[in-house]
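Q: To be precise about what I am sending: the file is called my_file11.txt and holds compact mmCIF, C-alpha atoms and all ligand atoms.
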# COMPACT_ATOMS: atom_id res chain seq x y z
CA MET C 1 -15.14 -89.77 17.62
CA SER C 2 -12.25 -92.25 17.88
CA THR C 3 -11.51 -93.87 21.21
CA HIS C 4 -8.83 -91.95 23.00
CA SER C 5 -5.90 -93.80 24.38
CA VAL C 6 -4.95 -91.99 27.53
CA ALA C 7 -1.21 -92.27 28.18
CA GLU C 8 -0.32 -94.97 30.68
CA GLY C 9 0.58 -94.46 34.29
CA SER C 10 -0.37 -92.40 37.28
CA LEU C 11 -1.59 -88.85 36.86
CA PRO C 12 1.67 -87.33 38.22
CA HIS C 13 3.51 -89.53 35.70
CA ARG C 14 1.23 -88.41 32.85
CA PHE C 15 1.58 -84.78 33.97
CA ARG C 16 5.37 -85.09 33.93
CA ALA C 17 5.30 -86.65 30.44
CA LEU C 18 3.45 -83.63 29.02
CA TRP C 19 5.42 -81.16 31.11
CA ASP C 20 8.75 -82.48 29.83
CA GLN C 21 7.58 -81.75 26.28
CA LEU C 22 7.16 -78.06 27.13
CA ALA C 23 10.08 -77.55 29.53
CA PRO C 24 12.84 -76.93 26.93
CA ILE C 25 10.75 -74.56 24.77
CA GLY C 26 11.91 -70.97 25.23
CA ARG C 27 14.07 -71.75 28.27
CA ASP C 28 17.12 -69.50 28.70
CA PRO C 29 20.06 -71.79 29.59
CA ASP C 30 21.81 -69.09 31.64
CA SER C 31 18.97 -67.92 33.86
CA GLY C 32 16.80 -71.05 33.68
CA GLY C 33 13.90 -68.66 33.08
CA TYR C 34 11.64 -68.51 30.05
CA LEU C 35 11.62 -66.09 27.11
CA ARG C 36 8.23 -66.92 25.60
CA TYR C 37 6.99 -63.66 24.11
CA ALA C 38 3.72 -63.66 22.21
CA PHE C 39 4.02 -64.81 18.57
CA THR C 40 7.79 -65.29 18.77
CA ALA C 41 9.38 -68.64 17.87
CA PRO C 42 9.09 -70.29 21.31
CA GLU C 43 5.47 -69.26 21.79
CA LEU C 44 4.60 -70.29 18.24
CA GLU C 45 6.16 -73.68 19.04
CA LEU C 46 3.93 -73.90 22.11
CA ARG C 47 0.94 -73.13 19.89
CA ASP C 48 1.96 -76.01 17.63
CA TRP C 49 2.13 -78.19 20.75
CA PHE C 50 -1.39 -77.02 21.65
CA ARG C 51 -2.69 -78.02 18.21
CA ALA C 52 -0.96 -81.43 18.43
CA GLN C 53 -2.46 -82.11 21.86
CA ALA C 54 -5.88 -81.09 20.57
CA ASP C 55 -5.50 -83.28 17.48
CA GLN C 56 -4.55 -86.27 19.63
CA ARG C 57 -7.84 -85.77 21.48
CA ASP C 58 -9.96 -85.05 18.39
CA LEU C 59 -10.58 -81.50 19.56
CA PRO C 60 -10.92 -79.17 16.56
CA VAL C 61 -8.93 -75.95 17.05
CA THR C 62 -10.19 -72.51 16.09
CA SER C 63 -8.88 -68.97 16.60
CA ASP C 64 -10.84 -65.82 17.34
CA GLY C 65 -8.74 -63.58 15.09
CA ASN C 66 -7.07 -62.04 18.17
CA GLY C 67 -4.38 -64.66 18.65
CA ASN C 68 -6.42 -66.75 21.09
CA LEU C 69 -6.74 -70.50 20.37
CA PHE C 70 -9.69 -72.73 21.32
CA ALA C 71 -9.81 -76.56 21.24
CA ARG C 72 -13.38 -77.86 21.51
CA TRP C 73 -14.85 -81.10 22.82
CA GLY C 74 -18.49 -81.28 21.88
CA ASP C 75 -21.19 -79.75 19.75
CA PRO C 76 -19.89 -76.70 17.86
CA ALA C 77 -23.39 -75.26 17.75
CA ALA C 78 -24.08 -75.50 21.51
CA GLY C 79 -24.23 -72.11 23.19
CA ASP C 80 -23.25 -73.05 26.74
CA ALA C 81 -19.72 -74.39 26.44
CA VAL C 82 -17.53 -74.46 29.54
CA LEU C 83 -14.21 -72.72 28.90
CA THR C 84 -10.94 -73.50 30.66
CA GLY C 85 -7.29 -72.66 29.93
CA SER C 86 -4.70 -69.95 30.42
CA HIS C 87 -1.71 -68.51 28.49
CA PHE C 88 1.69 -69.63 27.11
CA ASP C 89 3.55 -66.33 27.10
CA SER C 90 5.95 -65.36 29.90
CA VAL C 91 7.58 -62.32 31.42
CA PRO C 92 11.33 -62.07 30.61
CA HIS C 93 13.04 -64.98 32.41
CA GLY C 94 9.72 -65.99 33.93
CA GLY C 95 8.90 -69.26 35.59
CA ALA C 96 7.75 -72.46 33.86
CA TYR C 97 4.31 -72.71 35.42
CA ASP C 98 2.74 -69.23 35.11
CA GLY C 99 0.31 -69.84 32.26
CA PRO C 100 1.25 -73.19 30.73
CA LEU C 101 0.14 -75.08 33.86
CA GLY C 102 -3.45 -74.06 33.17
CA ILE C 103 -3.31 -75.35 29.60
CA VAL C 104 -1.54 -78.64 30.32
CA SER C 105 -3.96 -79.25 33.21
CA ALA C 106 -6.92 -78.59 30.92
CA PHE C 107 -5.86 -81.23 28.38
CA LEU C 108 -5.19 -83.73 31.18
CA ALA C 109 -8.58 -82.94 32.69
CA VAL C 110 -10.20 -83.85 29.35
CA ASP C 111 -8.36 -87.18 29.56
CA GLU C 112 -9.61 -87.67 33.12
CA LEU C 113 -13.23 -87.01 32.15
CA ARG C 114 -13.01 -89.39 29.22
CA ALA C 115 -11.29 -92.09 31.33
CA ALA C 116 -14.11 -91.72 33.87
CA GLY C 117 -16.67 -92.12 31.09
CA VAL C 118 -18.08 -88.62 31.66
CA ALA C 119 -20.43 -87.60 28.84
CA PRO C 120 -20.61 -83.80 29.12
CA ARG C 121 -24.01 -82.23 28.49
CA ARG C 122 -22.20 -79.03 27.57
CA PRO C 123 -19.14 -78.70 25.31
CA LEU C 124 -15.76 -78.22 26.97
CA VAL C 125 -13.31 -75.79 25.36
CA VAL C 126 -9.58 -75.46 26.14
CA ALA C 127 -8.18 -71.96 25.54
CA ALA C 128 -4.71 -70.49 25.06
CA PHE C 129 -4.91 -66.71 25.41
CA ALA C 130 -2.41 -64.41 23.72
CA GLU C 131 0.00 -61.94 25.37
CA GLU C 132 -1.35 -62.29 28.90
CA GLU C 133 1.83 -60.89 30.42
CA GLY C 134 2.04 -57.91 28.08
CA ALA C 135 5.79 -58.57 27.92
CA ARG C 136 6.03 -57.94 24.17
CA PHE C 137 3.41 -55.27 23.40
CA GLY C 138 3.03 -53.69 26.84
CA VAL C 139 -0.67 -54.40 27.43
CA PRO C 140 -1.41 -57.38 29.71
CA CYS C 141 -4.24 -59.78 28.84
CA LEU C 142 -4.11 -58.41 25.28
CA GLY C 143 -5.85 -61.42 23.73
CA SER C 144 -8.68 -61.63 26.25
CA ARG C 145 -9.13 -57.83 26.24
CA LEU C 146 -9.51 -57.92 22.45
CA LEU C 147 -11.93 -60.88 22.62
CA THR C 148 -14.13 -59.08 25.16
CA GLY C 149 -13.90 -55.65 23.53
CA ALA C 150 -12.01 -54.18 26.51
CA LEU C 151 -9.35 -53.12 24.00
CA SER C 152 -10.19 -51.84 20.52
CA PRO C 153 -8.51 -53.31 17.42
CA ASP C 154 -7.42 -49.76 16.54
CA ARG C 155 -5.52 -49.26 19.79
CA ALA C 156 -4.15 -52.82 19.64
CA ALA C 157 -3.08 -52.50 15.99
CA GLY C 158 -0.97 -49.48 16.99
CA LEU C 159 1.01 -51.41 19.60
CA ARG C 160 4.68 -51.95 18.80
CA ASP C 161 7.25 -54.19 20.45
CA ALA C 162 10.79 -53.09 21.38
CA ASP C 163 11.92 -53.71 17.80
CA GLY C 164 9.09 -51.64 16.38
CA VAL C 165 7.19 -54.68 15.12
CA GLY C 166 3.44 -54.05 15.24
CA LEU C 167 0.86 -56.42 16.68
CA ALA C 168 -0.87 -56.82 13.31
CA GLU C 169 2.43 -57.90 11.73
CA ALA C 170 3.15 -60.35 14.55
CA LEU C 171 -0.43 -61.66 14.49
CA GLY C 172 -0.34 -61.94 10.71
CA ASP C 173 -3.46 -59.84 10.40
CA ARG C 174 -5.26 -56.92 11.94
CA PRO C 175 -6.84 -58.12 15.22
CA ALA C 176 -10.52 -59.03 14.86
CA GLY C 177 -11.51 -57.30 18.10
CA ALA C 178 -14.62 -58.06 20.13
CA ARG C 179 -16.24 -61.43 19.40
CA PRO C 180 -19.59 -61.43 21.21
CA ASP C 181 -20.63 -64.25 18.87
CA LEU C 182 -17.92 -66.44 20.39
CA LEU C 183 -18.10 -65.12 23.95
CA GLY C 184 -21.86 -65.62 23.99
CA GLY C 185 -21.30 -69.33 23.40
CA PHE C 186 -19.63 -69.87 26.78
CA SER C 187 -21.49 -70.50 30.04
CA SER C 188 -18.48 -70.24 32.38
CA PHE C 189 -14.68 -69.98 32.48
CA VAL C 190 -12.29 -71.67 34.93
CA GLU C 191 -8.57 -70.83 34.86
CA LEU C 192 -6.15 -73.05 36.76
CA HIS C 193 -2.94 -71.21 37.66
CA VAL C 194 0.13 -71.73 39.79
CA GLU C 195 -0.17 -69.73 42.99
CA GLN C 196 2.00 -66.60 42.92
CA GLY C 197 2.51 -66.52 46.66
CA ARG C 198 2.82 -68.79 49.69
CA ALA C 199 -0.70 -68.99 51.09
CA LEU C 200 -1.14 -72.65 50.11
CA VAL C 201 2.24 -73.49 51.65
CA ASP C 202 1.14 -71.78 54.88
CA GLN C 203 -2.24 -73.55 54.81
CA ASP C 204 -0.67 -76.86 53.78
CA ALA C 205 -3.16 -77.40 50.96
CA PRO C 206 -2.43 -78.30 47.29
CA VAL C 207 -5.28 -76.40 45.65
CA ALA C 208 -7.31 -73.26 46.39
CA VAL C 209 -10.20 -71.38 44.79
CA ALA C 210 -9.74 -67.66 44.03
CA SER C 211 -12.03 -65.11 45.63
CA ALA C 212 -10.80 -61.94 43.95
CA ILE C 213 -8.07 -60.19 41.98
CA TRP C 214 -6.78 -56.98 43.50
CA PRO C 215 -7.26 -53.85 41.42
CA HIS C 216 -3.96 -53.02 39.77
CA GLY C 217 -2.37 -51.20 36.91
CA ARG C 218 0.71 -49.90 35.13
CA TRP C 219 1.71 -46.24 34.99
CA ARG C 220 4.44 -44.89 32.71
CA LEU C 221 6.50 -42.20 34.49
CA ASP C 222 8.57 -40.00 32.16
CA PHE C 223 11.18 -37.87 33.96
CA HIS C 224 12.46 -35.09 31.67
CA GLY C 225 15.73 -33.33 32.50
CA GLU C 226 18.68 -31.90 30.63
CA GLY C 227 21.20 -34.21 29.07
CA ASN C 228 24.72 -32.99 29.74
CA HIS C 229 28.34 -33.98 30.33
CA ALA C 230 28.79 -36.11 33.48
CA GLY C 231 32.22 -34.65 34.10
CA THR C 232 32.08 -30.96 33.30
CA THR C 233 28.59 -29.93 34.44
CA ARG C 234 28.59 -28.30 37.90
CA MET C 235 26.31 -30.12 40.37
CA ALA C 236 24.30 -26.94 40.95
CA ASP C 237 23.61 -26.67 37.22
CA ARG C 238 22.35 -30.19 36.73
CA ARG C 239 18.73 -31.09 35.90
CA ASP C 240 19.19 -34.82 36.39
CA PRO C 241 16.00 -36.90 35.83
CA MET C 242 17.68 -39.96 37.36
CA LEU C 243 17.58 -38.15 40.70
CA THR C 244 13.83 -37.56 40.49
CA TYR C 245 13.31 -41.11 39.23
CA ALA C 246 15.21 -42.53 42.20
CA PHE C 247 13.11 -40.42 44.56
CA ALA C 248 9.91 -41.68 42.89
CA VAL C 249 10.97 -45.32 43.30
CA LEU C 250 11.58 -44.78 47.01
CA ALA C 251 8.28 -42.89 47.32
CA ALA C 252 6.37 -45.74 45.66
CA ASN C 253 7.87 -48.23 48.09
CA LYS C 254 7.14 -46.06 51.13
CA GLU C 255 3.58 -45.11 50.09
CA ALA C 256 2.75 -48.75 49.33
CA ARG C 257 3.99 -49.94 52.71
CA LEU C 258 2.00 -47.23 54.44
CA ARG C 259 -1.16 -48.59 52.79
CA GLY C 260 -0.54 -52.34 52.90
CA ALA C 261 -0.41 -52.17 49.10
CA HIS C 262 2.17 -53.36 46.54
CA ALA C 263 4.28 -51.22 44.21
CA THR C 264 7.45 -51.68 42.20
CA VAL C 265 9.20 -50.00 39.32
CA GLY C 266 10.56 -53.07 37.57
CA ARG C 267 11.30 -51.60 34.20
CA VAL C 268 13.33 -48.49 33.34
CA ARG C 269 14.64 -46.88 30.16
CA VAL C 270 17.34 -44.20 30.17
CA GLU C 271 18.18 -41.82 27.34
CA PRO C 272 20.91 -41.63 26.13
CA ASN C 273 21.92 -44.39 28.59
CA ALA C 274 25.64 -43.58 28.65
CA THR C 275 27.85 -43.76 31.75
CA ASN C 276 29.37 -40.37 31.11
CA ALA C 277 26.18 -38.52 30.23
CA ILE C 278 23.60 -37.00 32.56
CA PRO C 279 20.33 -38.48 31.20
CA SER C 280 17.94 -36.30 29.25
CA THR C 281 15.01 -38.61 30.02
CA VAL C 282 14.39 -41.49 32.39
CA THR C 283 11.23 -43.56 31.90
CA GLY C 284 10.06 -45.92 34.62
CA TRP C 285 6.99 -48.14 34.67
CA LEU C 286 5.18 -48.29 37.99
CA ASP C 287 3.24 -51.49 38.78
CA ALA C 288 0.87 -50.75 41.66
CA ARG C 289 -1.75 -52.98 43.30
CA ALA C 290 -4.00 -52.75 46.34
CA ALA C 291 -6.85 -54.66 47.96
CA ASP C 292 -9.38 -51.97 47.00
CA PRO C 293 -9.68 -49.28 44.29
CA GLU C 294 -9.57 -46.30 46.70
CA THR C 295 -6.29 -47.42 48.24
CA LEU C 296 -4.81 -47.98 44.78
CA ALA C 297 -5.93 -44.55 43.60
CA THR C 298 -4.50 -42.73 46.64
CA LEU C 299 -1.25 -44.70 46.34
CA VAL C 300 -0.67 -43.75 42.71
CA GLU C 301 -1.70 -40.13 43.36
CA ALA C 302 0.69 -39.89 46.32
CA VAL C 303 3.57 -41.18 44.20
CA ARG C 304 2.72 -38.81 41.37
CA ALA C 305 2.33 -35.78 43.66
CA LYS C 306 5.52 -36.39 45.66
CA ALA C 307 7.56 -37.08 42.52
CA THR C 308 6.17 -33.94 40.86
CA GLU C 309 7.05 -31.87 43.91
CA ARG C 310 10.57 -33.33 43.86
CA ALA C 311 10.87 -32.62 40.13
CA GLY C 312 10.29 -28.95 40.94
CA ARG C 313 13.31 -29.02 43.23
CA ASP C 314 15.44 -30.97 40.72
CA GLY C 315 14.57 -28.72 37.81
CA THR C 316 13.07 -31.71 36.01
CA ARG C 317 9.54 -32.45 34.80
CA LEU C 318 7.36 -35.56 35.30
CA THR C 319 4.58 -36.86 33.09
CA CYS C 320 2.52 -39.78 34.42
CA THR C 321 0.45 -41.88 31.99
CA GLU C 322 -1.82 -44.79 32.91
CA GLU C 323 -0.99 -47.63 30.49
CA SER C 324 -3.31 -50.33 31.77
CA ALA C 325 -5.73 -50.72 34.64
CA THR C 326 -7.60 -53.70 35.98
CA PRO C 327 -10.49 -53.05 38.38
CA LEU C 328 -11.15 -55.18 41.43
CA VAL C 329 -12.35 -58.55 40.18
CA ALA C 330 -14.60 -60.31 42.66
CA PHE C 331 -15.06 -63.73 41.10
CA ASP C 332 -18.62 -64.92 40.78
CA GLY C 333 -19.42 -65.55 44.46
CA GLY C 334 -21.91 -68.30 43.69
CA LEU C 335 -19.55 -70.18 41.42
CA GLY C 336 -16.59 -69.64 43.74
CA ARG C 337 -18.48 -70.92 46.80
CA ARG C 338 -19.83 -73.85 44.80
CA LEU C 339 -16.32 -74.86 43.74
CA ALA C 340 -14.78 -74.29 47.17
CA THR C 341 -17.46 -76.56 48.67
CA LEU C 342 -17.04 -79.14 45.91
CA LEU C 343 -13.27 -79.23 46.41
CA ASP C 344 -13.24 -78.54 50.17
CA ALA C 345 -10.48 -76.07 49.31
CA PRO C 346 -9.36 -72.76 50.83
CA VAL C 347 -10.43 -69.52 49.14
CA LEU C 348 -7.73 -66.92 48.40
CA PRO C 349 -7.50 -63.43 46.86
CA THR C 350 -4.60 -62.68 44.56
CA GLY C 351 -2.64 -59.61 43.56
CA ALA C 352 -1.84 -61.12 40.17
CA GLY C 353 -3.76 -60.28 37.02
CA HIS C 354 -5.18 -63.03 34.83
CA ASP C 355 -7.27 -63.53 31.72
CA ALA C 356 -9.90 -64.78 34.17
CA GLY C 357 -10.00 -61.23 35.51
CA VAL C 358 -10.94 -59.93 32.07
CA LEU C 359 -13.51 -62.62 31.33
CA ALA C 360 -15.10 -62.28 34.77
CA GLY C 361 -16.92 -59.22 33.48
CA HIS C 362 -18.61 -61.30 30.79
CA LEU C 363 -19.37 -64.75 32.19
CA PRO C 364 -19.31 -66.65 35.50
CA THR C 365 -15.61 -67.14 36.11
CA ALA C 366 -13.50 -68.94 38.68
CA MET C 367 -9.83 -69.64 39.28
CA LEU C 368 -8.05 -72.56 40.88
CA PHE C 369 -4.56 -72.11 42.35
CA VAL C 370 -1.97 -74.86 42.66
CA ARG C 371 0.57 -74.73 45.50
CA ASN C 372 3.95 -73.15 44.70
CA PRO C 373 6.54 -74.31 47.29
CA THR C 374 8.75 -71.25 46.74
CA GLY C 375 5.86 -68.81 46.53
CA VAL C 376 7.98 -67.00 43.93
CA SER C 377 6.67 -66.12 40.46
CA HIS C 378 7.77 -64.10 37.44
CA SER C 379 11.16 -65.66 38.17
CA PRO C 380 12.98 -68.93 37.36
CA ALA C 381 12.46 -69.82 41.04
CA GLU C 382 8.73 -70.44 40.44
CA ALA C 383 7.94 -74.07 41.29
CA ALA C 384 5.26 -76.74 41.70
CA THR C 385 5.52 -80.46 42.44
CA ASP C 386 4.14 -83.11 40.07
CA THR C 387 1.98 -84.39 42.93
CA ASP C 388 0.40 -80.97 43.49
CA CYS C 389 -0.01 -80.43 39.75
CA ALA C 390 -1.80 -83.78 39.56
CA ALA C 391 -4.01 -82.67 42.46
CA GLY C 392 -4.74 -79.55 40.41
CA VAL C 393 -5.76 -81.67 37.41
CA THR C 394 -8.00 -83.80 39.61
CA ALA C 395 -9.62 -80.69 41.07
CA LEU C 396 -10.06 -79.14 37.62
CA ALA C 397 -11.57 -82.39 36.31
CA ARG C 398 -14.07 -82.41 39.19
CA VAL C 399 -14.97 -78.78 38.53
CA LEU C 400 -15.33 -79.33 34.79
CA THR C 401 -17.47 -82.42 35.37
CA GLU C 402 -19.70 -80.36 37.65
CA LEU C 403 -19.96 -77.50 35.14
CA THR C 404 -20.44 -79.60 31.99
CA CYS C 405 -22.82 -82.12 33.52
CA GLY C 406 -24.42 -80.35 36.49
O1 LIG Z 1 1.20 -59.24 36.09
C1 LIG Z 1 0.40 -60.05 36.51
O2 LIG Z 1 -0.18 -59.84 37.55
C2 LIG Z 1 0.10 -61.31 35.74
O3 LIG Z 1 0.96 -62.32 36.18
N1 LIG Z 1 0.22 -61.10 34.33
MN MN Z 2 2.25 -63.76 35.13
MN MN Z 3 -0.33 -65.97 34.44
MN MN Z 4 -3.49 -65.31 33.51
Take the structure in the file and write it out as structure tokens.

A:
Amino acid sequence: MSTHSVAEGSLPHRFRALWDQLAPIGRDPDSGGYLRYAFTAPELELRDWFRAQADQRDLPVTSDGNGNLFARWGDPAAGDAVLTGSHFDSVPHGGAYDGPLGIVSAFLAVDELRAAGVAPRRPLVVAAFAEEEGARFGVPCLGSRLLTGALSPDRAAGLRDADGVGLAEALGDRPAGARPDLLGGFSSFVELHVEQGRALVDQDAPVAVASAIWPHGRWRLDFHGEGNHAGTTRMADRRDPMLTYAFAVLAANKEARLRGAHATVGRVRVEPNATNAIPSTVTGWLDARAADPETLATLVEAVRAKATERAGRDGTRLTCTEESATPLVAFDGGLGRRLATLLDAPVLPTGAGHDAGVLAGHLPTAMLFVRNPTGVSHSPAEAATDTDCAAGVTALARVLTELTCG
């Protein structure tokens, strides 16, 4: 293996040098947010960047046939590799850090281990997972769910994006599906991620260890009414699904607040979507999350029941379909405590889903969070300082040293 020249300068400086390579890719000049949908030009460019970074470090890159990339340092035959990484894709006009921070930090952590002369006893693998946000094909953590078998290739192959392009076409092949052969070769997974909240600001700490991911999911709400003329139809004769939809949005907000849970309808589709036409159908996607499964279940049921009752009064009809669900993920307590002690870092739950939440059901998994001064995510306002990102790399390097050598 050739000697690896680590870029010059301080870690914040080296972080910034890599970060500036990614910053322009997929950035919308008007919003300042990112449009990095899975397997579209910007995300493919990020995948090329991934391969270049791996090549510079002599890390051979493989794919699992599901769109996930893996760059490996160490013996390809060893069955206890330590996995780290995250995703490149974004929500529409998302922030810069959600996903890519975990991948950039992983490559810099490899540099840190090599600069410190660490000789891992276990291989170290950097991963880039596909379609974590579900912003193109509608199913979050698509790549990691395929890898683990949580989603079948048949169901995945049937997914279409807004332009009707299928996953198989975008992927260039039918997804391979579950890869126990690959998954069985990992001994643990650590995902570093920007915090999507303000807990680290409030606790004045740069890095935290995750304790759990709240159970959460997505429900498609179809409100069926009667399309008609906006000007000539008497109010008493209307069967306006927008009315029932609006009621459901308010109900979701109220029922979530009552339970200390989170709920939003952030995406809506109206047919025929004309100013002078009463809609025939309004489709809204409910994103609901709660600290425990029972609260989540009662929240969604309350929204469904109240909206159905309202539909009866509006002369409309509601169908509610669960599109994705993530159970409560309690990260491996032993690993989490071990890392929190190692890093002397706070331990935080999160309401955000992650590939780590999918892999946690298959191998000891942990997450590190890096402070986000705005606390905002899934928005151009998402932020992190170079100093805190460097602290994240240092923490990840310590964790990876512990896991590959301990
Ligand atoms: O939606 C989520 O919670 C994650 O950021 N994909
Ligand atoms: Mn996200
Ligand atoms: Mn993410
Ligand atoms: Mn994630």

Q: Around ligand MN 2 (chain Z), at most 9 Å away and counting all atoms listed in the file, which residues are there? Put them as a list in words, please.

A: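 Using all atoms listed in the file, everything at most 9 Å from ligand MN 2 (chain Z) comes to Asp89, Ser90, Val91, Gly94, Gly95, Asp98, Gly99, Glu132, Glu133, Gln196, Ala352, Gly353, His354, Ser377 and His378 of chain C.
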
Q: Choose the residue, out of C:Leu348, C:Ala178, C:Ala38, C:Ala360, that has the smallest atom-to-atom separation from C:Gly197; count only C-alpha atoms.

A: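 Once distances to C:Gly197 are computed over only C-alpha atoms, the minimum belongs to C:Leu348.
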
Q: Applying 9 Å and only C-alpha atoms, which residues near C:Leu339 remain after dropping the ones on its own chain fewer than 5 positions away? List them as a ChimeraX atom specification.

A: /C:209,334,344-345,366,399,402

Q: Using atom CA of C:His229 and atom CA of C:Cys320 as the two end points, give the distance in Å to one decimal.

A: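 Rounded to one decimal, the two atoms are 26.8 Å apart.
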
Q: Got a sec: who's within 12 Å of stretch 152-168 of chain C, counting all atoms listed in the file, leaving out chain neighbours fewer than 5 positions off, as a PyMOL selection string?

A: chain C and resi 37-40+65-67+130-131+134-147+173-179+269+323

Q: If I wrap all listed atoms of stretch 227-235 of chain C in a box with edges along x, y and z and add 4 Å on each side, what are its centre and edge lengths in Å to one decimal, as AutoDock Vina command-line options?

A:
--center_x 26.7 --center_y -32.2 --center_z 34.7 --size_x 19.0 --size_y 15.8 --size_z 19.3

Q: Between C:Pro100, C:Gly9, C:Pro241, C:Pro327, single out the one closest to C:Glu43, counting all atoms listed in the file.

A: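 Nearest to C:Glu43: C:Pro100.
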
Q: Report, in Å with one decimal, the straight-line distance from atom CA of C:Leu221 to atom N1 of ligand LIG 1 (chain Z).

A: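 The value is 19.9 Å.
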
Q: Provide the atom CA of C:Val282 to atom CA of C:Leu35 distance in Å, to one decimal place.

A: 25.3 Å

Q: Leaving out C:Leu258 and any residue of its chain fewer than 5 positions from it, which residues lie within 10 Å of it when counting all atoms listed in the file, given as an NGL selection string?

A: :C and (252-253 or 299)

Q: Tell me which of C:Leu22, C:Ile278, C:Asp287, C:His262 sits closest to C:Met235, counting all atoms listed in the file.

A: C:Ile278

Q: For ligand LIG 1 (chain Z), which of C:Thr404, C:Thr264, C:Thr298, C:Ser10 is the closest residue, counting only C-alpha atoms and all ligand atoms?

A: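 Ranked by minimum distance to ligand LIG 1 (chain Z), first place goes to C:Thr264.
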
Q: Rank nothing, just name the residue among C:Val194, C:Ala230, C:Ala290, C:Leu250 nearest to ligand MN 4 (chain Z), using only C-alpha atoms and all ligand atoms.

A: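 When distances to ligand MN 4 (chain Z) are compared using only C-alpha atoms and all ligand atoms, the smallest one comes from C:Val194.
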
Q: Name all residues at most 8 Å from stretch 77-84 of chain C (count all atoms listed in the file; drop same-chain ones fewer than 3 positions away) and give them as a PyMOL selection string.

A: chain C and resi 102-103+106+122-127+184-192+400+403-404

Q: For ligand LIG 1 (chain Z), which residue out of C:Leu171, C:Ala391, C:Ile213, C:Leu69 is the nearest one, using only C-alpha atoms and all ligand atoms?

A: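 Closest candidate: C:Ile213.
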
Q: For stretch 268-283 of chain C, supply N, CA and C atoms and format the output as a CSV table (one decimal), keeping the file's coordinate frame.

A:
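Output file out.csv follows:
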chain,number,residue,atom,x,y,z
C,268,VAL,N,12.9,-49.9,33.5
C,268,VAL,CA,13.3,-48.5,33.3
C,268,VAL,C,14.1,-48.3,32.0
C,269,ARG,N,13.9,-47.2,31.4
C,269,ARG,CA,14.6,-46.9,30.2
C,269,ARG,C,15.3,-45.5,30.3
C,270,VAL,N,16.6,-45.4,30.0
C,270,VAL,CA,17.3,-44.2,30.2
C,270,VAL,C,17.8,-43.7,28.8
C,271,GLU,N,17.7,-42.4,28.6
C,271,GLU,CA,18.2,-41.8,27.3
C,271,GLU,C,19.2,-40.8,27.7
C,272,PRO,N,20.4,-40.7,27.2
C,272,PRO,CA,20.9,-41.6,26.1
C,272,PRO,C,21.5,-42.9,26.7
C,273,ASN,N,21.5,-43.1,28.0
C,273,ASN,CA,21.9,-44.4,28.6
C,273,ASN,C,23.4,-44.6,28.4
C,274,ALA,N,24.2,-43.5,28.8
C,274,ALA,CA,25.6,-43.6,28.6
C,274,ALA,C,26.2,-43.2,30.0
C,275,THR,N,27.3,-44.0,30.4
C,275,THR,CA,27.8,-43.8,31.8
C,275,THR,C,28.3,-42.3,32.0
C,276,ASN,N,28.8,-41.7,30.9
C,276,ASN,CA,29.4,-40.4,31.1
C,276,ASN,C,28.4,-39.3,30.6
C,277,ALA,N,27.1,-39.6,30.6
C,277,ALA,CA,26.2,-38.5,30.2
C,277,ALA,C,25.1,-38.4,31.3
C,278,ILE,N,24.8,-37.2,31.7
C,278,ILE,CA,23.6,-37.0,32.6
C,278,ILE,C,22.4,-37.3,31.7
C,279,PRO,N,21.4,-38.1,32.1
C,279,PRO,CA,20.3,-38.5,31.2
C,279,PRO,C,19.5,-37.3,30.8
C,280,SER,N,18.9,-37.3,29.6
C,280,SER,CA,17.9,-36.3,29.2
C,280,SER,C,16.6,-36.7,29.7
C,281,THR,N,16.3,-38.1,29.6
C,281,THR,CA,15.0,-38.6,30.0
C,281,THR,C,15.2,-39.9,30.7
C,282,VAL,N,14.5,-40.2,31.8
C,282,VAL,CA,14.4,-41.5,32.4
C,282,VAL,C,12.9,-41.9,32.4
C,283,THR,N,12.6,-43.1,31.9
C,283,THR,CA,11.2,-43.6,31.9
C,283,THR,C,11.2,-44.8,32.8
